[in-house]
file data00.cif (mmCIF, C-alpha atoms (C1' of nucleotides))
data_final
loop_
_atom_site.label_atom_id
_atom_site.label_comp_id
_atom_site.auth_asym_id
_atom_site.auth_seq_id
_atom_site.Cartn_x
_atom_site.Cartn_y
_atom_site.Cartn_z
CA MET D 1 -8.19 -16.37 -32.69
CA SER D 2 -5.62 -18.65 -34.23
CA ALA D 3 -5.72 -22.36 -34.65
CA THR D 4 -5.57 -24.47 -31.58
CA SER D 5 -8.23 -26.34 -33.45
CA GLN D 6 -5.60 -28.60 -34.99
CA SER D 7 -6.01 -32.23 -34.14
CA PRO D 8 -2.64 -33.65 -35.10
CA GLU D 9 -3.27 -36.98 -33.45
CA VAL D 10 -6.29 -37.81 -35.61
CA PRO D 11 -5.66 -35.76 -38.72
CA ALA D 12 -8.59 -34.83 -40.90
CA ARG D 13 -9.13 -37.14 -43.86
CA GLY D 14 -8.47 -35.81 -47.28
CA LYS D 15 -5.14 -34.33 -46.42
CA ARG D 16 -2.31 -35.08 -48.71
CA ALA D 17 0.09 -37.84 -47.78
CA ASP D 18 3.15 -35.63 -47.86
CA ALA D 19 1.42 -33.13 -45.63
CA LEU D 20 0.72 -35.76 -43.00
CA ARG D 21 4.25 -37.03 -43.21
CA ASN D 22 5.64 -33.56 -42.77
CA GLN D 23 3.39 -32.95 -39.82
CA GLN D 24 4.84 -35.97 -38.05
CA THR D 25 8.36 -35.09 -39.04
CA LEU D 26 7.85 -31.61 -37.68
CA LEU D 27 6.51 -32.84 -34.37
CA ALA D 28 9.49 -35.13 -33.94
CA ALA D 29 11.95 -32.41 -34.90
CA ALA D 30 10.29 -29.91 -32.59
CA ALA D 31 10.32 -32.34 -29.70
CA ALA D 32 14.02 -32.95 -30.23
CA VAL D 33 14.88 -29.28 -30.53
CA PHE D 34 12.78 -28.35 -27.50
CA VAL D 35 14.87 -30.70 -25.40
CA THR D 36 18.15 -29.14 -26.40
CA SER D 37 17.25 -25.51 -27.08
CA GLY D 38 14.03 -25.01 -25.16
CA VAL D 39 10.59 -24.14 -26.45
CA GLU D 40 11.78 -20.74 -27.58
CA ALA D 41 14.18 -22.18 -30.11
CA PRO D 42 14.25 -20.40 -33.47
CA ILE D 43 11.64 -21.60 -35.92
CA ARG D 44 14.31 -21.98 -38.52
CA GLU D 45 16.18 -24.39 -36.32
CA ILE D 46 13.18 -26.68 -36.11
CA ALA D 47 12.52 -26.39 -39.82
CA ALA D 48 16.12 -27.23 -40.58
CA ARG D 49 16.08 -30.19 -38.23
CA ALA D 50 12.96 -31.49 -39.94
CA GLY D 51 14.43 -30.82 -43.35
CA VAL D 52 11.53 -28.66 -44.47
CA GLY D 53 11.09 -25.05 -45.44
CA ILE D 54 9.97 -22.33 -43.07
CA GLY D 55 6.70 -21.95 -44.88
CA THR D 56 5.79 -25.53 -44.13
CA ILE D 57 6.12 -25.17 -40.40
CA TYR D 58 3.94 -22.07 -40.39
CA ARG D 59 1.34 -23.77 -42.49
CA HIS D 60 1.03 -26.66 -40.10
CA PHE D 61 1.45 -24.68 -36.90
CA PRO D 62 0.53 -21.04 -37.43
CA THR D 63 1.50 -20.12 -33.90
CA ARG D 64 4.38 -21.25 -31.78
CA ALA D 65 1.83 -22.27 -29.22
CA ASP D 66 0.19 -24.65 -31.68
CA LEU D 67 3.45 -26.48 -32.10
CA VAL D 68 4.19 -26.63 -28.40
CA VAL D 69 0.69 -27.79 -27.60
CA ALA D 70 0.91 -30.50 -30.23
CA VAL D 71 4.24 -31.70 -28.89
CA TYR D 72 3.13 -31.89 -25.27
CA ARG D 73 -0.52 -32.79 -25.76
CA HIS D 74 -0.02 -36.37 -24.62
CA GLN D 75 1.61 -35.39 -21.38
CA VAL D 76 -0.91 -32.71 -20.59
CA GLU D 77 -3.70 -35.15 -21.20
CA ALA D 78 -2.01 -37.71 -18.98
CA CYS D 79 -1.70 -35.13 -16.25
CA ALA D 80 -5.33 -34.18 -16.61
CA GLU D 81 -6.50 -37.76 -16.48
CA ALA D 82 -4.33 -38.52 -13.48
CA GLY D 83 -6.35 -36.13 -11.36
CA PRO D 84 -9.51 -38.18 -10.82
CA THR D 85 -7.50 -41.37 -10.60
CA LEU D 86 -5.30 -40.05 -7.85
CA LEU D 87 -8.29 -38.70 -6.00
CA ALA D 88 -9.91 -42.11 -6.11
CA ASN D 89 -6.84 -44.03 -4.98
CA ALA D 90 -5.00 -41.78 -2.56
CA ALA D 91 -5.29 -42.00 1.20
CA SER D 92 -6.80 -38.53 1.40
CA PRO D 93 -7.75 -35.67 -0.92
CA LEU D 94 -4.72 -33.72 0.22
CA ALA D 95 -2.48 -36.66 -0.54
CA ALA D 96 -3.98 -36.82 -4.01
CA LEU D 97 -3.48 -33.11 -4.49
CA ARG D 98 0.11 -33.44 -3.46
CA GLN D 99 0.76 -36.24 -5.87
CA TRP D 100 -0.92 -34.38 -8.68
CA VAL D 101 1.06 -31.25 -7.97
CA ASP D 102 4.22 -33.34 -8.04
CA LEU D 103 3.23 -34.61 -11.47
CA PHE D 104 2.54 -31.14 -12.71
CA THR D 105 5.74 -29.75 -11.25
CA ASP D 106 7.86 -32.52 -12.73
CA PHE D 107 6.32 -31.89 -16.09
CA LEU D 108 7.16 -28.21 -16.02
CA VAL D 109 10.63 -28.65 -14.59
CA THR D 110 11.70 -31.19 -17.15
CA LYS D 111 10.43 -29.24 -20.14
CA HIS D 112 13.07 -26.63 -20.70
CA GLY D 113 11.54 -23.16 -20.79
CA LEU D 114 7.96 -24.33 -20.76
CA ALA D 115 7.09 -22.63 -17.49
CA ASN D 116 8.60 -19.43 -18.81
CA ALA D 117 6.57 -19.65 -21.97
CA LEU D 118 3.38 -20.09 -20.01
CA GLN D 119 3.82 -16.63 -18.54
CA SER D 120 5.60 -14.95 -21.39
CA ASP D 121 3.65 -11.99 -22.65
CA THR D 122 5.71 -11.99 -25.82
CA GLY D 123 5.77 -14.55 -28.59
CA GLY D 124 2.64 -16.35 -29.69
CA PHE D 125 2.25 -18.16 -26.40
CA ASP D 126 -1.23 -17.01 -25.48
CA ALA D 127 -2.87 -20.13 -26.84
CA LEU D 128 -0.48 -22.25 -24.81
CA HIS D 129 -1.51 -20.60 -21.59
CA THR D 130 -5.13 -20.97 -22.57
CA TYR D 131 -4.75 -24.64 -23.35
CA PHE D 132 -3.11 -25.42 -20.06
CA VAL D 133 -5.71 -23.48 -18.15
CA ASP D 134 -8.67 -24.97 -19.95
CA ARG D 135 -7.45 -28.50 -19.59
CA LEU D 136 -5.91 -28.52 -16.15
CA VAL D 137 -7.68 -25.94 -14.02
CA PRO D 138 -10.87 -28.04 -13.75
CA VAL D 139 -8.79 -31.03 -12.67
CA CYS D 140 -6.96 -28.97 -10.09
CA ALA D 141 -10.24 -27.51 -8.92
CA GLN D 142 -11.62 -30.94 -8.21
CA LEU D 143 -8.63 -31.92 -6.12
CA LEU D 144 -8.60 -28.59 -4.35
CA ASP D 145 -12.30 -28.64 -3.54
CA ALA D 146 -12.05 -32.15 -2.22
CA SER D 147 -9.15 -31.14 0.00
CA VAL D 148 -11.11 -28.19 1.32
CA ASP D 149 -14.14 -30.36 1.95
CA SER D 150 -12.04 -32.84 3.87
CA GLY D 151 -10.81 -29.98 6.02
CA GLU D 152 -7.18 -30.53 5.15
CA ILE D 153 -6.86 -27.19 3.43
CA VAL D 154 -8.17 -23.74 4.18
CA PRO D 155 -10.62 -22.36 1.63
CA GLY D 156 -9.98 -19.15 -0.26
CA THR D 157 -7.46 -20.22 -2.86
CA GLY D 158 -8.60 -20.80 -6.41
CA PRO D 159 -7.28 -23.49 -8.73
CA TYR D 160 -5.97 -21.02 -11.29
CA GLU D 161 -4.19 -19.10 -8.60
CA LEU D 162 -2.55 -22.25 -7.31
CA MET D 163 -1.56 -23.59 -10.69
CA ARG D 164 -0.12 -20.34 -11.81
CA GLY D 165 1.77 -20.03 -8.57
CA ILE D 166 3.26 -23.45 -9.10
CA GLY D 167 4.01 -22.66 -12.72
CA ASN D 168 5.75 -19.48 -11.74
CA LEU D 169 7.87 -21.24 -9.15
CA CYS D 170 9.13 -23.53 -11.90
CA ILE D 171 10.41 -20.69 -14.04
CA GLY D 172 14.11 -20.34 -14.64
CA ARG D 173 17.16 -22.51 -15.10
CA ASN D 174 16.52 -25.76 -13.32
CA ASN D 175 20.18 -26.69 -13.05
CA ASP D 176 20.68 -24.27 -10.22
CA PRO D 177 21.50 -26.31 -7.11
CA ALA D 178 20.58 -23.31 -4.93
CA TYR D 179 17.02 -23.24 -6.19
CA ASP D 180 14.84 -26.30 -6.21
CA PRO D 181 11.33 -25.51 -7.48
CA ARG D 182 9.96 -28.62 -5.84
CA ARG D 183 10.95 -27.43 -2.40
CA LEU D 184 9.12 -24.14 -2.88
CA VAL D 185 6.05 -25.78 -4.32
CA ASP D 186 6.00 -27.93 -1.23
CA LEU D 187 6.23 -24.81 0.91
CA LEU D 188 3.29 -23.34 -0.96
CA LEU D 189 1.22 -26.44 -0.31
CA ARG D 190 2.09 -26.29 3.35
CA GLY D 191 0.84 -22.75 3.35
CA LEU D 192 -2.51 -24.02 2.17
CA GLN D 193 -2.89 -26.21 5.21
CA GLN D 194 -4.62 -24.51 8.05
CA PRO D 195 -2.03 -23.99 10.76
CA ARG D 196 -4.84 -23.43 13.22
CA MET G 1 31.76 -9.92 -16.83
CA SER G 2 30.30 -6.67 -18.04
CA ALA G 3 30.05 -3.40 -16.26
CA THR G 4 27.94 -3.20 -13.18
CA SER G 5 30.85 -1.20 -11.98
CA GLN G 6 29.20 2.04 -13.06
CA SER G 7 28.52 4.43 -10.25
CA PRO G 8 26.02 6.81 -11.86
CA GLU G 9 25.08 8.48 -8.62
CA VAL G 10 28.60 9.70 -7.88
CA PRO G 11 30.13 9.91 -11.34
CA ALA G 12 33.87 9.76 -11.66
CA ARG G 13 35.55 13.14 -11.92
CA GLY G 14 36.95 14.16 -15.22
CA LYS G 15 33.94 13.22 -17.24
CA ARG G 16 32.76 15.68 -19.76
CA ALA G 17 29.79 17.86 -18.98
CA ASP G 18 27.71 16.69 -21.91
CA ALA G 19 28.35 13.09 -20.95
CA LEU G 20 27.05 13.67 -17.45
CA ARG G 21 24.04 15.51 -18.77
CA ASN G 22 23.25 12.70 -21.17
CA GLN G 23 23.62 10.14 -18.44
CA GLN G 24 20.97 11.88 -16.39
CA THR G 25 18.74 12.40 -19.40
CA LEU G 26 19.02 8.73 -20.21
CA LEU G 27 18.15 7.65 -16.71
CA ALA G 28 15.07 9.82 -16.73
CA ALA G 29 14.02 8.64 -20.16
CA ALA G 30 14.58 5.02 -19.24
CA ALA G 31 12.58 5.36 -16.05
CA ALA G 32 9.70 6.87 -18.00
CA VAL G 33 9.80 4.23 -20.72
CA PHE G 34 10.06 1.40 -18.20
CA VAL G 35 6.81 2.54 -16.65
CA THR G 36 4.90 2.44 -19.89
CA SER G 37 6.64 -0.28 -21.88
CA GLY G 38 8.37 -2.35 -19.23
CA VAL G 39 12.05 -3.01 -18.71
CA GLU G 40 12.27 -4.90 -21.99
CA ALA G 41 11.40 -1.86 -24.04
CA PRO G 42 13.46 -1.44 -27.21
CA ILE G 43 16.70 0.42 -26.71
CA ARG G 44 15.78 2.70 -29.58
CA GLU G 45 12.65 3.77 -27.80
CA ILE G 46 14.64 4.92 -24.80
CA ALA G 47 17.22 6.62 -26.99
CA ALA G 48 14.50 8.41 -28.90
CA ARG G 49 12.77 9.49 -25.71
CA ALA G 50 16.04 10.90 -24.43
CA GLY G 51 16.78 12.54 -27.75
CA VAL G 52 20.15 10.83 -28.13
CA GLY G 53 21.63 8.35 -30.55
CA ILE G 54 21.77 4.62 -29.98
CA GLY G 55 25.50 4.71 -29.62
CA THR G 56 25.24 7.01 -26.65
CA ILE G 57 23.03 4.70 -24.66
CA TYR G 58 25.34 1.76 -25.28
CA ARG G 59 28.35 3.80 -24.25
CA HIS G 60 26.82 4.76 -20.92
CA PHE G 61 25.10 1.46 -20.23
CA PRO G 62 26.77 -1.37 -22.13
CA THR G 63 24.25 -3.88 -20.92
CA ARG G 64 20.53 -3.58 -20.45
CA ALA G 65 21.11 -4.67 -16.91
CA ASP G 66 23.36 -1.69 -16.26
CA LEU G 67 20.58 0.66 -17.22
CA VAL G 68 17.96 -1.14 -15.18
CA VAL G 69 20.21 -1.31 -12.17
CA ALA G 70 20.97 2.39 -12.43
CA VAL G 71 17.29 3.27 -12.67
CA TYR G 72 16.23 1.20 -9.68
CA ARG G 73 19.34 1.52 -7.55
CA HIS G 74 17.70 3.89 -5.10
CA GLN G 75 14.79 1.61 -4.45
CA VAL G 76 16.92 -1.47 -4.10
CA GLU G 77 19.11 0.34 -1.63
CA ALA G 78 16.06 1.50 0.29
CA CYS G 79 14.80 -2.05 0.43
CA ALA G 80 18.16 -3.29 1.62
CA GLU G 81 18.40 -0.66 4.31
CA ALA G 82 14.87 -1.32 5.48
CA GLY G 83 15.83 -4.81 6.58
CA PRO G 84 17.77 -4.04 9.77
CA THR G 85 15.42 -1.18 10.61
CA LEU G 86 12.37 -3.40 10.45
CA LEU G 87 14.10 -6.06 12.47
CA ALA G 88 14.87 -3.52 15.17
CA ASN G 89 11.39 -2.02 15.31
CA ALA G 90 8.97 -4.85 14.63
CA ALA G 91 7.17 -6.83 17.28
CA SER G 92 8.92 -10.02 16.28
CA PRO G 93 11.46 -11.23 13.72
CA LEU G 94 8.70 -12.89 11.74
CA ALA G 95 6.73 -9.65 11.69
CA ALA G 96 9.82 -7.88 10.38
CA LEU G 97 10.33 -10.54 7.73
CA ARG G 98 6.73 -10.19 6.66
CA GLN G 99 7.01 -6.44 6.34
CA TRP G 100 10.22 -6.72 4.41
CA VAL G 101 8.78 -9.29 2.05
CA ASP G 102 5.83 -6.97 1.48
CA LEU G 103 8.25 -4.22 0.55
CA PHE G 104 10.12 -6.48 -1.82
CA THR G 105 6.95 -7.82 -3.37
CA ASP G 106 5.48 -4.36 -3.89
CA PHE G 107 8.68 -3.29 -5.54
CA LEU G 108 8.59 -6.16 -8.01
CA VAL G 109 4.90 -5.95 -8.70
CA THR G 110 4.93 -2.25 -9.46
CA LYS G 111 7.92 -2.40 -11.79
CA HIS G 112 6.50 -3.72 -14.98
CA GLY G 113 8.42 -6.76 -16.17
CA LEU G 114 11.16 -6.50 -13.60
CA ALA G 115 10.43 -9.86 -12.02
CA ASN G 116 10.46 -11.43 -15.45
CA ALA G 117 13.78 -9.87 -16.26
CA LEU G 118 15.30 -11.19 -13.05
CA GLN G 119 14.75 -14.73 -14.29
CA SER G 120 15.07 -14.18 -18.00
CA ASP G 121 17.88 -16.25 -19.42
CA THR G 122 17.90 -14.13 -22.54
CA GLY G 123 18.94 -10.51 -22.93
CA GLY G 124 21.75 -9.04 -20.92
CA PHE G 125 19.99 -9.44 -17.62
CA ASP G 126 22.56 -11.55 -15.82
CA ALA G 127 24.10 -8.57 -14.06
CA LEU G 128 20.66 -7.52 -12.86
CA HIS G 129 20.10 -10.84 -11.18
CA THR G 130 23.53 -10.67 -9.66
CA TYR G 131 23.00 -7.19 -8.31
CA PHE G 132 19.73 -8.08 -6.66
CA VAL G 133 21.21 -11.19 -5.15
CA ASP G 134 24.36 -9.52 -3.87
CA ARG G 135 22.51 -6.63 -2.34
CA LEU G 136 19.40 -8.26 -0.94
CA VAL G 137 20.21 -11.85 -0.08
CA PRO G 138 22.29 -10.88 2.97
CA VAL G 139 19.47 -8.68 4.20
CA CYS G 140 16.94 -11.42 3.71
CA ALA G 141 19.28 -13.86 5.39
CA GLN G 142 19.43 -11.72 8.50
CA LEU G 143 15.65 -11.56 8.78
CA LEU G 144 15.29 -15.22 8.03
CA ASP G 145 17.90 -16.31 10.55
CA ALA G 146 16.33 -14.15 13.22
CA SER G 147 12.95 -15.68 12.51
CA VAL G 148 14.37 -19.15 12.77
CA ASP G 149 16.15 -18.29 15.98
CA SER G 150 12.95 -16.98 17.47
CA GLY G 151 11.30 -20.26 16.58
CA GLU G 152 8.66 -18.67 14.41
CA ILE G 153 9.92 -20.37 11.27
CA VAL G 154 11.23 -23.81 10.51
CA PRO G 155 14.86 -23.97 9.44
CA GLY G 156 15.93 -25.40 6.12
CA THR G 157 15.05 -22.63 3.72
CA GLY G 158 17.78 -20.40 2.38
CA PRO G 159 17.46 -16.68 1.69
CA TYR G 160 18.21 -17.04 -2.01
CA GLU G 161 15.63 -19.74 -2.32
CA LEU G 162 13.01 -17.61 -0.63
CA MET G 163 13.76 -14.46 -2.56
CA ARG G 164 13.78 -16.21 -5.84
CA GLY G 165 10.53 -17.93 -4.99
CA ILE G 166 8.97 -14.57 -4.20
CA GLY G 167 10.42 -13.06 -7.34
CA ASN G 168 9.05 -15.87 -9.43
CA LEU G 169 5.60 -15.51 -7.95
CA CYS G 170 5.61 -11.89 -9.06
CA ILE G 171 6.20 -12.77 -12.70
CA GLY G 172 3.54 -12.02 -15.25
CA ARG G 173 0.85 -9.48 -15.94
CA ASN G 174 -0.14 -7.95 -12.65
CA ASN G 175 -3.46 -6.66 -13.91
CA ASP G 176 -4.96 -10.12 -13.75
CA PRO G 177 -7.68 -10.08 -11.07
CA ALA G 178 -7.51 -13.88 -10.90
CA TYR G 179 -3.89 -13.87 -9.82
CA ASP G 180 -2.64 -11.79 -6.96
CA PRO G 181 1.08 -12.36 -6.34
CA ARG G 182 0.75 -11.00 -2.83
CA ARG G 183 -1.68 -13.70 -1.83
CA LEU G 184 0.67 -16.42 -2.99
CA VAL G 185 3.68 -14.85 -1.36
CA ASP G 186 1.69 -14.84 1.83
CA LEU G 187 0.93 -18.51 1.34
CA LEU G 188 4.61 -19.20 0.90
CA LEU G 189 5.40 -17.42 4.14
CA ARG G 190 2.74 -19.41 5.93
CA GLY G 191 4.42 -22.51 4.60
CA LEU G 192 7.59 -21.43 6.37
CA GLN G 193 5.88 -21.38 9.72
CA GLN G 194 6.06 -24.64 11.52
CA PRO G 195 2.66 -26.30 11.30
CA ARG G 196 3.65 -28.48 14.15
"C1'" DC Y 1 -2.25 -43.59 -68.19
"C1'" DT Y 2 -2.58 -38.84 -68.64
"C1'" DA Y 3 -4.21 -34.34 -67.86
"C1'" DA Y 4 -6.17 -31.03 -64.84
"C1'" DT Y 5 -6.59 -29.10 -60.40
"C1'" DA Y 6 -6.21 -28.57 -55.78
"C1'" DT Y 7 -2.82 -28.82 -52.32
"C1'" DA Y 8 1.46 -28.25 -50.26
"C1'" DC Y 9 6.24 -26.81 -50.46
"C1'" DG Y 10 10.33 -23.75 -50.26
"C1'" DG Y 11 12.59 -19.87 -49.33
"C1'" DA Y 12 13.11 -14.94 -50.73
"C1'" DA Y 13 11.88 -10.81 -48.62
"C1'" DC Y 14 10.21 -7.45 -45.14
"C1'" DG Y 15 10.17 -5.42 -40.53
"C1'" DC Y 16 11.83 -5.17 -35.99
"C1'" DT Y 17 15.49 -5.52 -32.59
"C1'" DG Y 18 20.15 -5.82 -30.53
"C1'" DA Y 19 24.84 -4.66 -31.04
"C1'" DT Y 20 29.01 -2.68 -33.26
"C1'" DC Y 21 31.90 0.66 -35.43
"C1'" DC Y 22 33.70 4.80 -37.23
"C1'" DG Y 23 33.47 9.55 -39.26
"C1'" DT Y 24 31.97 13.86 -37.14
"C1'" DT Y 25 31.16 17.05 -33.44
"C1'" DT Y 26 31.87 18.91 -28.93
"C1'" DT Y 27 34.35 19.83 -24.82
"C1'" DC Y 28 38.09 21.39 -22.26
"C1'" DC Y 29 42.71 22.53 -21.08
"C1'" DA Y 30 47.41 24.07 -22.08
"C1'" DT L 1 42.85 29.98 -29.19
"C1'" DG L 2 44.22 25.65 -31.04
"C1'" DG L 3 44.27 20.98 -30.93
"C1'" DA L 4 43.89 16.47 -28.64
"C1'" DA L 5 40.76 13.69 -26.15
"C1'" DA L 6 36.15 12.50 -25.28
"C1'" DA L 7 31.63 11.80 -26.70
"C1'" DC L 8 28.11 11.66 -30.14
"C1'" DG L 9 25.06 9.85 -33.88
"C1'" DG L 10 23.40 6.74 -36.75
"C1'" DA L 11 24.66 3.67 -40.67
"C1'" DT L 12 25.26 -1.02 -40.68
"C1'" DC L 13 25.31 -6.00 -39.80
"C1'" DA L 14 23.21 -10.07 -37.88
"C1'" DG L 15 19.32 -12.89 -35.98
"C1'" DC L 16 14.53 -13.88 -35.74
"C1'" DG L 17 9.49 -13.89 -36.77
"C1'" DT L 18 6.28 -13.71 -40.31
"C1'" DT L 19 4.26 -13.21 -44.94
"C1'" DC L 20 3.73 -14.25 -49.68
"C1'" DC L 21 3.89 -16.30 -54.03
"C1'" DG L 22 6.06 -18.98 -57.84
"C1'" DT L 23 7.02 -23.84 -58.14
"C1'" DA L 24 6.50 -28.73 -57.34
"C1'" DT L 25 3.75 -32.65 -56.06
"C1'" DA L 26 -0.16 -35.52 -54.94
"C1'" DT L 27 -4.71 -36.73 -56.18
"C1'" DT L 28 -8.45 -37.53 -59.04
"C1'" DA L 29 -11.35 -37.24 -63.19
"C1'" DG L 30 -11.66 -38.86 -67.72
#
call {"tool": "encode", "arguments": {"input": "data00.cif", "output": "structure tokens"}}
result
Amino acid sequence: MSATSQSPEVPARGKRADALRNQQTLLAAAAAVFVTSGVEAPIREIAARAGVGIGTIYRHFPTRADLVVAVYRHQVEACAEAGPTLLANAASPLAALRQWVDLFTDFLVTKHGLANALQSDTGGFDALHTYFVDRLVPVCAQLLDASVDSGEIVPGTGPYELMRGIGNLCIGRNNDPAYDPRRLVDLLLRGLQQPR
Amino acid sequence: MSATSQSPEVPARGKRADALRNQQTLLAAAAAVFVTSGVEAPIREIAARAGVGIGTIYRHFPTRADLVVAVYRHQVEACAEAGPTLLANAASPLAALRQWVDLFTDFLVTKHGLANALQSDTGGFDALHTYFVDRLVPVCAQLLDASVDSGEIVPGTGPYELMRGIGNLCIGRNNDPAYDPRRLVDLLLRGLQQPR
DNA sequence: CTAATATACGGAACGCTGATCCGTTTTCCA
DNA sequence: TGGAAAACGGATCAGCGTTCCGTATATTAG
């Protein structure tokens, strides 16, 4: 497969100074463009914003997913690390799950087009989906299992299923006053609670 | 806006015979291509399948949405008409709502990429979204209101909200054994029932 | 400090897709 | 049957992703 193996935060030694500089410049430019034009913005737009050639962006981030992952790595990590913390501090496992889901939902809603990209079958977004799943599903699983164990939630729903459901609910323009993803995510969580 | 005003089923009089023939040919070709390549299949592919030029397809269906709407019109109508019938025959309003939602879900799940298209901000899919909303939201509203009136569901959720939530849950590859849209839709419906 | 070499850069170029536009062909009616 | 109106076909333009290679730059050996 293609390179998710990049480690932009702690770049390998021996790289040329200009390469490292460009890498940072690109990340900043991409972050800025993602905010205004969404994660599906034309590569050329990002390259232009960074003031580099198209070749450079492909060299550093062979796949669109690599770039997106690099840009949002911090926040995904934060979300992942919040899981155990919330579980330890919240009043109940379900409360922790709720808080975590809120975190996750906010993340998706505020990143223009990210939820779409996670499900998009087109583009080079496969690695993005994989990264999210690998990093967050275990966290979600822990919260979910704990909530089942505490009897606050009925068993039978897997962490991937839940996360993808939430992700899907966050797809689409988020400026629409008639559709608030958070409300529906809440409904979904209610559905997980045993009514009887 | 662009033409959803086409009425392919009862074509306006005065149209030329070859035009009518091509219209039908195109609908058939599009239906076939949609099954194999999804509703986002290249226009050229549909044109080729129908044995017509690109110009012809654009003349008959200026927007991608026009073509999709024309292809699925029958099924959308059927779904719309099923609403009142179910409400009249089911054991309870909630039962009717459930059955209708199943119908709607099946429709989306079996039409490759349709759910995606309904939310896609790109492409000429706006009219598609509009058509679905105009035709089905009132039906859903009737079922929803009845269910609220019967006390089986908590108030506060709008028909558009619900339908879009369901639509969103149906987005993505439906061959994935780890994600069954129907299960999550069911969860959402459970969430609508008053837990207390 | 300079030369040699690896490394990185830039952007031209190719393929695919959507959309338009106009010369040609077909239909149909007077 | 002749000719205008309607429809057709596909060449063509524009946008985007992706590849590729000649050129420029950093690094290091001497």
call {"tool": "resolve_selection", "arguments": {"input": "data00.cif", "expression": "the PyMOL selection byres ((chain Y) within 12 of (chain D))", "output": "CSV table (one decimal) with C-alpha atoms (C1' of nucleotides), keeping the file's coordinate frame"}}
result
chain,number,residue,atom,x,y,z
Y,6,DA,C1',-6.2,-28.6,-55.8
Y,7,DT,C1',-2.8,-28.8,-52.3
Y,8,DA,C1',1.5,-28.2,-50.3
Y,9,DC,C1',6.2,-26.8,-50.5
Y,10,DG,C1',10.3,-23.8,-50.3
Y,11,DG,C1',12.6,-19.9,-49.3
Y,12,DA,C1',13.1,-14.9,-50.7
call {"tool": "closest_residue", "arguments": {"input": "data00.cif", "among": "D:Cys170, D:Ala141, D:Leu27, D:Leu184", "to": "Lys111 (chain D)", "atoms": "all atoms listed in the file"}}
result
D:Cys170
call {"tool": "resolve_selection", "arguments": {"input": "data00.cif", "expression": "the PyMOL selection byres ((chain Y and resi 23) around 12)", "output": "PyMOL selection string"}}
result
(chain Y and resi 21-22+24-25) or (chain L and resi 8-11)
call {"tool": "residues_around", "arguments": {"input": "data00.cif", "residues": "region 71-76 of chain D", "least_positions_apart": "6", "cutoff": "9 Å", "atoms": "all atoms listed in the file", "output": "PDB file with C-alpha atoms, in the coordinates of the input"}}
result
ATOM      1  CA  LEU D  27       6.510 -32.840 -34.370  1.00  0.00           C
ATOM      2  CA  ALA D  28       9.490 -35.130 -33.940  1.00  0.00           C
ATOM      3  CA  ALA D  30      10.290 -29.910 -32.590  1.00  0.00           C
ATOM      4  CA  ALA D  31      10.320 -32.340 -29.700  1.00  0.00           C
ATOM      5  CA  PHE D 104       2.540 -31.140 -12.710  1.00  0.00           C
ATOM      6  CA  PHE D 107       6.320 -31.890 -16.090  1.00  0.00           C
ATOM      7  CA  PHE D 132      -3.110 -25.420 -20.060  1.00  0.00           C
ATOM      8  CA  ARG D 135      -7.450 -28.500 -19.590  1.00  0.00           C
ATOM      9  CA  LEU D 136      -5.910 -28.520 -16.150  1.00  0.00           C
TER      10      LEU D 136
END
call {"tool": "residues_around", "arguments": {"input": "data00.cif", "residues": "region 14-21 of chain L", "least_positions_apart": "5", "cutoff": "12 Å", "atoms": "all atoms listed in the file", "output": "list in words"}}
result
Glu40, Ala41, Pro42, Ile43, Arg44, Glu45, Ile54, Gly55, Ile57, Tyr58, Arg59, Pro62, Thr63, Arg64, Thr122, Gly123 and Gly124 of chain D; DC9, DG10, DG11, DA12, DA13, DC14, DG15, DC16, DT17, DG18, DA19 and DT20 of chain Y
call {"tool": "resolve_selection", "arguments": {"input": "data00.cif", "expression": "the PyMOL selection byres ((chain G and resi 148) around 12)", "output": "list in words"}}
result
Ser92, Pro93, Leu94, Leu97, Ala141, Gln142, Leu143, Leu144, Asp145, Ala146, Ser147, Asp149, Ser150, Gly151, Glu152, Ile153, Val154, Pro155, Gly156, Thr157, Gly158, Pro159, Leu192, Gln193 and Gln194 of chain G
call {"tool": "interface_residues", "arguments": {"input": "data00.cif", "of": "chain D", "to": "chain G", "cutoff": "9 Å", "atoms": "all atoms listed in the file", "output": "PyMOL selection string"}}
result
chain D and resi 116+119-121+157-158+160-162+164-173+178-181+183-196
call {"tool": "atom_distance", "arguments": {"input": "data00.cif", "atom1": "CA of Phe61 (chain G)", "atom2": "CA of Ala80 (chain G)"}}
result
23.4 Å
call {"tool": "atom_distance", "arguments": {"input": "data00.cif", "atom1": "CA of Val133 (chain D)", "atom2": "CA of Ala88 (chain D)"}}
result
22.6 Å
call {"tool": "axis_aligned_box", "arguments": {"input": "data00.cif", "around": "region 37-43 of chain G", "padding_each_side": "4 Å", "output": "JSON"}}
result
{"center_x": 11.7, "center_y": -2.2, "center_z": -23.0, "size_x": 18.1, "size_y": 13.3, "size_z": 16.5}
call {"tool": "atom_distance", "arguments": {"input": "data00.cif", "atom1": "CA of Phe125 (chain D)", "atom2": "CA of Ala65 (chain D)"}}
result
5.0 Å
call {"tool": "residues_around", "arguments": {"input": "data00.cif", "residues": "DG2 (chain L)", "least_positions_apart": "4", "cutoff": "12 Å", "atoms": "only C-alpha atoms (C1' of nucleotides)", "output": "list in words"}}
result
DC28, DC29 and DA30 of chain Y
